[in-house]
Structures are given as structure tokens and as C-alpha cells.
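A.B. asks: Let me begin by handing over the structure; questions about it come next.
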Amino acid sequence: MNPFPVTASTISAKALEEFAQEKYGLNKNYTCTLFRTGMNHTYFLSDNETKYVLRVYSHNWRSKSEILEELNLLNLLKANHLSVSFPIADKSGAFIQEIKAPEGIRYVVLFSFAQGAKIRFINLEACKAIGALMAKIHNITLNKTMDRISYDQKSLLKLPYEHLKHFFSETLPEMEFIKDFGSTFKDSDFEPMQYGVVHLDIWYDNMSIAKEKDITLFDFDFCGNGSQILDVGYFCKQLFHIETDKQQYELKKESFLEGYQSKRRISDTELKLIPQAGASVYVFYLGVQAQRFDWSNIFLSENYLKMYVGKIQAWKDYYETTVITPTIQ
């Protein structure tokens, strides 16, 4: 009997262990374990002294050229002494490996391990450090472009809505909300903003914190081109939903913005766009979940849509009466 085709597989950790030992010249004490599946699959390689992260990109998710752009960005940031997880070259100097999975070619990259821990409830000092690191990244990538997605009204809002239409009726109030919100987003609103390369997914789940304030950022899978206030807005929005006590949210948001502006000025116009920027990136990720239904189908439902859009509405409602004021005069 011939095997059925698959759309997504989980590669054997043992096979990857042997593959990595051979490709990267690692000693036989290194063991490979699956950390988690998702948009891409993450494995840890360790010999109890040194640890690496092995990412197996999903089939037909990123092209080889897109991955190379991501890695070039990481190497640029590393060269500027910024604390990011960076790619490790194999014995021949190559950064990207190819393996033939049941569904087709999948790319593999080995990364340095980010020391520390993921911390959901970040203290004020860490918020300030995150802001400073984000600003340093934006300073280095200001006015630079990469051969990847550009984040604008079409990619952030229009295309996600089209993806969602395959799963949900356009008459649902939540779908109408997304469509109406998309009509209020004007690319011209963001044209005066500082533009360059953005990470687009900076939140606690994509960073490790050591000694309470030493931040290492990772997972640049969604990096691309756009107004850099998008990164600021998205981090603030994630912080908003984590901190149910809005007084704590305000304190941490101000600490984050203070850290950012210690390295880079945010104009008053940019500050006013933080609510719109944060909500736009949130809609984008809802579209990603619809686009990649093969890994998100356990929670992509009308109830999930109501919950998710409710978070966007709560954020928008909050900023109907709350003004973001400059932290640096």
C-alpha cells in the first residue's frame, strides 16, 4: 500500500540529532529533543554544557531567499553587538540546510540558544530594557529594506480578511468589525513615520530574560519592512492584555517607552498611532491563523473569533478615553 500524502509532518528528533552532528561537527554527546510544533518546529540540541536551537521551517511557509534575508538581518544585529539569537554556520559555512520531508523540502537552521527564561509578567526594569533593545534594532535598520513582505494596509488588514472569509460568514459582527477597521487604516497615516525593518512579533514569548533585565530576542520569522511604530504598538498591545490591572499596564508601558526613547525619539504623531498599529498587527496574526489552518484548526472557531476580536475591541475602547503622552519632553 502506498503511503498517503501529508501536508505537515513532525521530523524525528533522533534523525535530526544525527543530521546535526554530521552537518555541524557536533560531538556524539549532543542529543536532540522536540521543544514544540507550530508555525515552524523547534528542537533543542544539548550536550549538558552547550545548547542550541534547531528550527525546522514548515513546508512552503518561507522560501529559501526569505530565510536568507532573515539570517542576514540577524547577522547584521549580531555584528552590531545586539542581544539576539543568531544563526550558526555548518562545517562548510552554510547557514541553511534542506531535508526531504514526506510533504516536500523543509529548511533547517541552527541558532544560538537565548539564555534566561520566558517571563510573562515582566518587571519595570525589564520593560525598560526591552524598549531600549527594540530602539537599538530600529536605529540599525532605519531606512533599510529587505526582500520580504512589506507591512501596510493590504498585508495587515485586507489579505487577513480574505483569508478569514474562507472560514467565517461576512455577516458575523466580528467580521464586520475587522472590515470596518480595515477601512479606517490609511497607509498615508504612517508615511511620515520612521520606516525600516520590523520584527513584528516582539513580546514575552519571543525573548529570554536573565538576571531580571538581560534581554535576548529571537524568532524573527515575521521580519519585514514597515513603519517601525508597528513593533512598538504590538508590544504595548500584548502588554495590555497580559496586565489586567491597567495601572500596572500604564506603569510598564511608560517604562517600556522610556527605555525606547532613551535610545530613539518617538514623535507625538507616532505615539498617537500606537493604538492603530497594535490593533493592525493583531488582525494580521488572526489572518495568519486562518492562512495556516493546518496547525491552528484546534482553536479557529466562531467562539475563538469572538474572543480574539473582543480583545481588539477592548484595546480600541481603552484608547478612546486614554491618551498616550510623551515620556520625554
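For the C-alpha cells, the naming scheme is as follows: chains receive sequential letters (A, B, ...) according to their order of presentation, residues are indexed from 1 within each chain, and ligands are indexed from 1 in presentation order.
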Assign secondary structure with DSSP using the backbone only, and return the residues of stretch 3-232 of chain A in strand (DSSP E) as a PyMOL selection string.

C.D. replies: chain A and resi 31-36+41-46+51-56+87-88+97-101+104-112+195-198+207-210+214-217+224-227

A.B. asks: With stretch 195-211 of chain A as the partner and 12 Å as the cut-off, tabulate the residues of stretch 74-107 of chain A that qualify, each row holding the nearest pair of atoms and their distance in Å to one decimal, using only C-alpha atoms, sorted by chain and rising number, as a Markdown table.

C.D. replies:
```
| residue | atom | partner | partner_atom | distance |
| --- | --- | --- | --- | --- |
| A:Leu74 | CA | A:His199 | CA | 10.7 |
| A:Leu76 | CA | A:Val197 | CA | 11.9 |
| A:Leu77 | CA | A:Val197 | CA | 11.6 |
| A:Ser83 | CA | A:Met207 | CA | 10.0 |
| A:Val84 | CA | A:Met207 | CA | 8.7 |
| A:Ser85 | CA | A:Met207 | CA | 9.2 |
```

A.B. asks: Using only C-alpha atoms, which of the listed residues (A:Asp219, A:Glu191, A:Asp294, A:Glu69) sits closest to A:Thr145?

C.D. replies: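 Selected residue with least distance to A:Thr145: A:Glu69.
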
A.B. asks: Of the residues A:Ser227, A:Asn40, A:Asn80, A:Ser169, which is the one nearest to A:Ile140, using only C-alpha atoms?

C.D. replies: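 Among the listed residues, A:Asn80 lies closest to A:Ile140.
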
A.B. asks: Mind checking which residues fall within 9 Å of A:Gln291, counting only C-alpha atoms, ignoring those fewer than 5 positions away in the same chain, and posting them as a list of chain:residue names?

C.D. replies: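 These residues fall inside the cut-off: A:Pro160, A:His163, A:Leu164, A:Leu286.
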
A.B. asks: Print the selection's residues with C-alpha atoms to a file, as a compact mmCIF listing (two decimals), in the first residue's frame.

C.D. replies:
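Saved the output as again_15.txt:
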```
# COMPACT_ATOMS: atom_id res chain seq x y z
CA PRO A 160 -6.17 38.64 6.51
CA HIS A 163 -8.23 34.50 4.49
CA LEU A 164 -10.86 34.68 7.23
CA LEU A 286 -5.61 36.38 13.09
```

A.B. asks: Can you tell me which residues surround stretch 310-324 of chain A at a distance of at most 12 Å, considering only C-alpha atoms, apart from same-chain residues fewer than 4 positions away, and format the answer as a PyMOL selection string?

C.D. replies: chain A and resi 173-175+177-178+181+233-234+236-242+244+246+249-250+253-254+257+266-286+302-306+328

A.B. asks: Given the choices A:Leu300, A:Asp47, A:Tyr24, A:Ile67, which gets closest to A:Asp147 if the distance is worked out from only C-alpha atoms?

C.D. replies: A:Ile67

A.B. asks: Which is closest to A:Asn123 among A:Val309, A:Leu251, A:Leu230, A:Cys223, if we use only C-alpha atoms?

C.D. replies: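 The shortest atom-to-atom distance to A:Asn123 comes from A:Leu251.
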
A.B. asks: Which distance in Å separates atom CA of A:Arg55 and atom CA of A:Leu142, to one decimal?

C.D. replies: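 If I compute the distance from atom CA of A:Arg55 to atom CA of A:Leu142, I get 27.6 Å.
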
A.B. asks: For A:Lys263, which residue out of A:Asn2, A:Thr184, A:Lys136, A:Leu82 is the nearest one, using only C-alpha atoms?

C.D. replies: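 Smallest separation from A:Lys263 among the options: A:Lys136.
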
A.B. asks: Looking at only C-alpha atoms, which of A:Ala101, A:Val108, A:Leu71, A:Leu54 is the one that sits closest to A:Ile11?

C.D. replies: A:Ala101

A.B. asks: From a DSSP calculation on the backbone, collect every residue of stretch 173-326 of chain A in helix (DSSP H, G or I) and output the set as a PyMOL selection string.

C.D. replies: chain A and resi 173-184+187-190+204-206+229-242+246-261+268-272+274-291+293-296+302-321

A.B. asks: Find the distance between atom CA of A:Asp152 and atom CA of A:Ser65 and write it in Å to one decimal.

C.D. replies: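 Going from atom CA of A:Asp152 over to atom CA of A:Ser65, I get 21.3 Å.
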